[in-house]
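Participant: Take this structure first; my questions come after.
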Amino acid sequence: MHRVQIHARDLRIIDPLLSYPSAILGRERAIVLNLEHIKAIITSEEVLLRDPSDDNVTPVVEELRRRLKPMNANREDQREEKDSNVQHDIETTDEDESPFEFRALEVALEAICSYLAARTLELETAVYPALDMLTSKISSRNLDRVRKLKSQMTRLTARVQKVRDELEQLLDDDDDMADLYLSRKLAGASPVSGSGAASWFLASPTIGSKISRASRASIATVRGDENDVEELEMLLEAYFMQIDGTFNKLTTLREYIDNTEDYINIQLDNHRNQLIQLELFLSSGTVCSSIYSLIAGIFGMNIPYSWNEEHGYMFKWVVAISGIICAVLFILIISYARFKGLVGS
């Protein structure tokens, strides 16, 4: 903490055992970075990574070594020529692409954006076939598969949105972006504070000499507008657009899932309506059959009728007429239901 001048609460942000949202915090001498599995402290001259041997962090370490090594070599050459030509040293430094902390931050942002984009692509390749299969055949297996993929998509969307919101918050606040200019603050501390800066690093002449060299190297920047954050803004905007594109892909994927769910619900409603129609047909037929059975049951009772012996043929006519009446009644019920739009044509 004394080395990079940060508080204990800043260390909790990069603690893997604690759950903290994605954050990019600018401190006096360091940038505290918490982006998913990338947890680091960036200073104007070094990068401190949490668990660099992790499989997800190893590519970041290799990329940091690749991108930061040429700049370190240039600085060594500049240090050798410092005594002979100070002015040449300043001009050479001014030609550097960007400060050390910005190049390290760019590596971290590129890594996390690429990582989330890759996870999104993997999810897309799994979700679309699963939804198509569910659309063609609704089964418990397909439903469970889509449910699991939807849960993964929800978690991934939350992770992407946290990174996106953090970048958007930084872009909306120029003061927060200005706090990330470590080299500028380091260069401005020496000529302004004078003896104050010397008292800070009195016990470490190596760090003091580094500050002195950084001050001379960044003298042109200090003379400029200290509130100018255009360089960092362009850097953050580039990766904000990338993470926003990933977020839009997930949003489109969620809409596709919602549309598929609506389509499946429509199919289920259609099947439900067909079952209701079948139930209506069966109920109507049951009512008509009950009426017919009632008439047949009345005449089948052992009750003496005065006309039964003389007019035995009447039973046949009653049965036939009752059947015709029940059939007509059934047709009328179905016709009325179709007229009211209760069943399909």
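Identifiers for the structure tokens are assigned positionally: chains receive A, B, ... in sequence, residues are indexed from 1 per chain, and ligands are indexed from 1 in the order shown.
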If we count only C-alpha atoms and set the cut-off at 12 Å, which residues sit around Arg159 in chain A, ignoring sequence neighbours fewer than 6 positions away in its own chain? Please answer as a ChimeraX atom specification.
Facilitator: /A:20-23,35-37,112-113,115-117,119-120,152-153,165-166,243,246-247,250
Participant: Next, write the just-selected residues to a file, as a PDB file, in the first residue's frame, keeping N, CA and C atoms as the atom set.
Facilitator:
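Okay, this is what ended up in out.pdb:
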ATOM      1  N   TYR A  20     -17.023  -7.877  -5.830  1.00  0.00           N
ATOM      2  CA  TYR A  20     -17.093  -6.454  -6.154  1.00  0.00           C
ATOM      3  C   TYR A  20     -17.385  -6.303  -7.645  1.00  0.00           C
ATOM      4  N   PRO A  21     -18.181  -5.303  -8.016  1.00  0.00           N
ATOM      5  CA  PRO A  21     -18.441  -5.082  -9.450  1.00  0.00           C
ATOM      6  C   PRO A  21     -17.207  -4.570 -10.161  1.00  0.00           C
ATOM      7  N   SER A  22     -17.249  -4.603 -11.476  1.00  0.00           N
ATOM      8  CA  SER A  22     -16.126  -4.111 -12.273  1.00  0.00           C
ATOM      9  C   SER A  22     -15.886  -2.636 -11.975  1.00  0.00           C
ATOM     10  N   ALA A  23     -14.605  -2.278 -11.850  1.00  0.00           N
ATOM     11  CA  ALA A  23     -14.269  -0.904 -11.474  1.00  0.00           C
ATOM     12  C   ALA A  23     -12.906  -0.531 -12.038  1.00  0.00           C
ATOM     13  N   LEU A  35     -11.587  -5.944 -13.477  1.00  0.00           N
ATOM     14  CA  LEU A  35     -12.401  -6.286 -14.641  1.00  0.00           C
ATOM     15  C   LEU A  35     -12.478  -7.803 -14.748  1.00  0.00           C
ATOM     16  N   GLU A  36     -13.558  -8.362 -14.190  1.00  0.00           N
ATOM     17  CA  GLU A  36     -13.734  -9.807 -14.205  1.00  0.00           C
ATOM     18  C   GLU A  36     -12.538 -10.512 -13.553  1.00  0.00           C
ATOM     19  N   HIS A  37     -11.812 -11.327 -14.319  1.00  0.00           N
ATOM     20  CA  HIS A  37     -10.665 -12.054 -13.779  1.00  0.00           C
ATOM     21  C   HIS A  37      -9.391 -11.229 -13.793  1.00  0.00           C
ATOM     22  N   ILE A 112     -10.266  -8.051 -21.713  1.00  0.00           N
ATOM     23  CA  ILE A 112     -11.587  -8.331 -21.146  1.00  0.00           C
ATOM     24  C   ILE A 112     -12.668  -8.221 -22.216  1.00  0.00           C
ATOM     25  N   CYS A 113     -12.525  -7.275 -23.153  1.00  0.00           N
ATOM     26  CA  CYS A 113     -13.510  -7.149 -24.231  1.00  0.00           C
ATOM     27  C   CYS A 113     -13.463  -8.373 -25.149  1.00  0.00           C
ATOM     28  N   TYR A 115     -12.410 -11.357 -24.281  1.00  0.00           N
ATOM     29  CA  TYR A 115     -12.880 -12.498 -23.499  1.00  0.00           C
ATOM     30  C   TYR A 115     -14.410 -12.548 -23.481  1.00  0.00           C
ATOM     31  N   LEU A 116     -15.044 -11.411 -23.208  1.00  0.00           N
ATOM     32  CA  LEU A 116     -16.503 -11.379 -23.160  1.00  0.00           C
ATOM     33  C   LEU A 116     -17.105 -11.587 -24.550  1.00  0.00           C
ATOM     34  N   ALA A 117     -16.440 -11.068 -25.577  1.00  0.00           N
ATOM     35  CA  ALA A 117     -16.932 -11.286 -26.943  1.00  0.00           C
ATOM     36  C   ALA A 117     -16.851 -12.764 -27.322  1.00  0.00           C
ATOM     37  N   ARG A 119     -16.995 -15.312 -25.181  1.00  0.00           N
ATOM     38  CA  ARG A 119     -18.052 -16.010 -24.460  1.00  0.00           C
ATOM     39  C   ARG A 119     -19.418 -15.779 -25.113  1.00  0.00           C
ATOM     40  N   THR A 120     -19.624 -14.587 -25.623  1.00  0.00           N
ATOM     41  CA  THR A 120     -20.885 -14.291 -26.299  1.00  0.00           C
ATOM     42  C   THR A 120     -21.025 -15.106 -27.581  1.00  0.00           C
ATOM     43  N   GLN A 152     -27.379 -18.900 -18.493  1.00  0.00           N
ATOM     44  CA  GLN A 152     -26.022 -18.480 -18.838  1.00  0.00           C
ATOM     45  C   GLN A 152     -26.019 -17.107 -19.509  1.00  0.00           C
ATOM     46  N   MET A 153     -26.975 -16.879 -20.386  1.00  0.00           N
ATOM     47  CA  MET A 153     -27.044 -15.595 -21.074  1.00  0.00           C
ATOM     48  C   MET A 153     -27.339 -14.459 -20.096  1.00  0.00           C
ATOM     49  N   ASP A 165     -21.059  -0.274 -18.160  1.00  0.00           N
ATOM     50  CA  ASP A 165     -21.460   0.848 -17.308  1.00  0.00           C
ATOM     51  C   ASP A 165     -20.254   1.550 -16.700  1.00  0.00           C
ATOM     52  N   GLU A 166     -19.220   0.783 -16.357  1.00  0.00           N
ATOM     53  CA  GLU A 166     -18.021   1.394 -15.781  1.00  0.00           C
ATOM     54  C   GLU A 166     -17.324   2.282 -16.807  1.00  0.00           C
ATOM     55  N   ILE A 243     -17.395  -3.182 -26.342  1.00  0.00           N
ATOM     56  CA  ILE A 243     -18.192  -3.852 -25.315  1.00  0.00           C
ATOM     57  C   ILE A 243     -19.673  -3.564 -25.528  1.00  0.00           C
ATOM     58  N   THR A 246     -20.878  -6.033 -28.035  1.00  0.00           N
ATOM     59  CA  THR A 246     -21.131  -7.322 -27.382  1.00  0.00           C
ATOM     60  C   THR A 246     -22.443  -7.295 -26.616  1.00  0.00           C
ATOM     61  N   PHE A 247     -22.697  -6.185 -25.929  1.00  0.00           N
ATOM     62  CA  PHE A 247     -23.949  -6.047 -25.179  1.00  0.00           C
ATOM     63  C   PHE A 247     -25.154  -6.058 -26.123  1.00  0.00           C
ATOM     64  N   LEU A 250     -25.943  -9.603 -27.140  1.00  0.00           N
ATOM     65  CA  LEU A 250     -26.676 -10.309 -26.089  1.00  0.00           C
ATOM     66  C   LEU A 250     -28.124  -9.824 -26.014  1.00  0.00           C
TER      67      LEU A 250
END
Participant: Quick one: of A:Ile38, A:Arg338, A:Glu230, A:Thr154, who's nearest to Thr58 in chain A, counting only C-alpha atoms?
Facilitator: A:Ile38
Participant: Would you mind telling me which residue in A:Asp244, A:Glu28, A:Glu279, A:Glu261 lies nearest to Arg164 in chain A when using only C-alpha atoms?
Facilitator: A:Asp244
Participant: So that I can see what lies close to Pro129 in chain A, please list as a list in words the residues with an atom at most 12 Å from it, counting only C-alpha atoms and leaving out residues fewer than 5 positions away in the same chain.
Facilitator: Glu122, Leu123, Glu124, Leu134, Thr135, Ser136, Asn142, Arg145, Val146, Leu149, Tyr256, Ile257 and Thr260 of chain A
Participant: Give me, please, the distance in Å between CA of Asp179 in chain A and CA of Arg9 in chain A, quoted to one decimal.
Facilitator: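 CA of Arg9 in chain A lies 17.8 Å from CA of Asp179 in chain A.
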Participant: Ranking A:Met133, A:Cys288, A:Ser322, A:Leu280 by minimum distance to Ile334 in chain A and counting only C-alpha atoms, which one comes first?
Facilitator: A:Leu280
Participant: Within 12 Å of Gln169 in chain A, counting only C-alpha atoms, which residues show up once you throw out same-chain ones fewer than 3 positions away? Write them as an NGL selection string, please.
Facilitator: :A and (22-25 or 161-166 or 172-177 or 233 or 236-237 or 240)
Participant: Would you mind exporting the chosen residues as a PDB file, in the first residue's frame, restricted to N, CA and C atoms?
Facilitator:
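Below is the file out_31.pdb, written as the result:
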ATOM      1  N   SER A  22     -17.249  -4.603 -11.476  1.00  0.00           N
ATOM      2  CA  SER A  22     -16.126  -4.111 -12.273  1.00  0.00           C
ATOM      3  C   SER A  22     -15.886  -2.636 -11.975  1.00  0.00           C
ATOM      4  N   ALA A  23     -14.605  -2.278 -11.850  1.00  0.00           N
ATOM      5  CA  ALA A  23     -14.269  -0.904 -11.474  1.00  0.00           C
ATOM      6  C   ALA A  23     -12.906  -0.531 -12.038  1.00  0.00           C
ATOM      7  N   ILE A  24     -12.790   0.744 -12.422  1.00  0.00           N
ATOM      8  CA  ILE A  24     -11.517   1.346 -12.823  1.00  0.00           C
ATOM      9  C   ILE A  24     -11.381   2.615 -12.002  1.00  0.00           C
ATOM     10  N   LEU A  25     -10.545   2.567 -10.979  1.00  0.00           N
ATOM     11  CA  LEU A  25     -10.434   3.667 -10.025  1.00  0.00           C
ATOM     12  C   LEU A  25      -9.079   4.337 -10.160  1.00  0.00           C
ATOM     13  N   GLN A 161     -22.652  -5.905 -18.896  1.00  0.00           N
ATOM     14  CA  GLN A 161     -23.239  -4.605 -18.577  1.00  0.00           C
ATOM     15  C   GLN A 161     -22.453  -3.887 -17.484  1.00  0.00           C
ATOM     16  N   LYS A 162     -21.877  -4.634 -16.552  1.00  0.00           N
ATOM     17  CA  LYS A 162     -21.067  -4.003 -15.511  1.00  0.00           C
ATOM     18  C   LYS A 162     -19.839  -3.326 -16.108  1.00  0.00           C
ATOM     19  N   VAL A 163     -19.160  -4.016 -17.020  1.00  0.00           N
ATOM     20  CA  VAL A 163     -17.989  -3.412 -17.676  1.00  0.00           C
ATOM     21  C   VAL A 163     -18.419  -2.227 -18.529  1.00  0.00           C
ATOM     22  N   ARG A 164     -19.500  -2.378 -19.243  1.00  0.00           N
ATOM     23  CA  ARG A 164     -19.989  -1.285 -20.093  1.00  0.00           C
ATOM     24  C   ARG A 164     -20.365  -0.060 -19.261  1.00  0.00           C
ATOM     25  N   ASP A 165     -21.059  -0.274 -18.160  1.00  0.00           N
ATOM     26  CA  ASP A 165     -21.460   0.848 -17.308  1.00  0.00           C
ATOM     27  C   ASP A 165     -20.254   1.550 -16.700  1.00  0.00           C
ATOM     28  N   GLU A 166     -19.220   0.783 -16.357  1.00  0.00           N
ATOM     29  CA  GLU A 166     -18.021   1.394 -15.781  1.00  0.00           C
ATOM     30  C   GLU A 166     -17.324   2.282 -16.807  1.00  0.00           C
ATOM     31  N   ASP A 172     -18.275   9.792 -18.987  1.00  0.00           N
ATOM     32  CA  ASP A 172     -19.161  10.901 -18.631  1.00  0.00           C
ATOM     33  C   ASP A 172     -18.533  11.862 -17.633  1.00  0.00           C
ATOM     34  N   ASP A 173     -17.418  11.493 -17.025  1.00  0.00           N
ATOM     35  CA  ASP A 173     -16.793  12.328 -15.993  1.00  0.00           C
ATOM     36  C   ASP A 173     -15.347  12.611 -16.375  1.00  0.00           C
ATOM     37  N   ASP A 174     -15.067  13.853 -16.767  1.00  0.00           N
ATOM     38  CA  ASP A 174     -13.701  14.228 -17.146  1.00  0.00           C
ATOM     39  C   ASP A 174     -12.751  14.201 -15.957  1.00  0.00           C
ATOM     40  N   ASP A 175     -13.267  14.477 -14.757  1.00  0.00           N
ATOM     41  CA  ASP A 175     -12.400  14.464 -13.571  1.00  0.00           C
ATOM     42  C   ASP A 175     -11.888  13.056 -13.282  1.00  0.00           C
ATOM     43  N   ASP A 176     -12.768  12.067 -13.437  1.00  0.00           N
ATOM     44  CA  ASP A 176     -12.329  10.686 -13.223  1.00  0.00           C
ATOM     45  C   ASP A 176     -11.293  10.269 -14.260  1.00  0.00           C
ATOM     46  N   MET A 177     -11.474  10.710 -15.494  1.00  0.00           N
ATOM     47  CA  MET A 177     -10.483  10.390 -16.519  1.00  0.00           C
ATOM     48  C   MET A 177      -9.166  11.109 -16.247  1.00  0.00           C
ATOM     49  N   GLU A 233      -9.874   9.553 -23.539  1.00  0.00           N
ATOM     50  CA  GLU A 233     -11.256   9.459 -23.994  1.00  0.00           C
ATOM     51  C   GLU A 233     -11.357   8.652 -25.284  1.00  0.00           C
ATOM     52  N   LEU A 236     -10.868   4.952 -24.306  1.00  0.00           N
ATOM     53  CA  LEU A 236     -12.035   4.359 -23.658  1.00  0.00           C
ATOM     54  C   LEU A 236     -13.210   4.231 -24.624  1.00  0.00           C
ATOM     55  N   GLU A 237     -13.370   5.203 -25.515  1.00  0.00           N
ATOM     56  CA  GLU A 237     -14.472   5.135 -26.474  1.00  0.00           C
ATOM     57  C   GLU A 237     -14.333   3.931 -27.405  1.00  0.00           C
ATOM     58  N   PHE A 240     -15.310   1.018 -25.401  1.00  0.00           N
ATOM     59  CA  PHE A 240     -16.729   1.123 -25.054  1.00  0.00           C
ATOM     60  C   PHE A 240     -17.593   0.689 -26.234  1.00  0.00           C
TER      61      PHE A 240
END
Participant: Need the shell around Lys39 in chain A: protein/DNA/RNA residues with any atom at most 7 Å away, counting only C-alpha atoms. Skip same-chain ones fewer than 2 positions apart. Format as a list in words?
Facilitator: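 So, after excluding close chain neighbours, the residues are Ile14, Leu33, Asn34, Leu35, His37, Leu49 and Arg50 of chain A.
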Participant: Distance CA of Leu180 in chain A-CA of Ile31 in chain A, one decimal place?
Facilitator: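 Spanning CA of Leu180 in chain A to CA of Ile31 in chain A is a straight-line distance of 6.5 Å.
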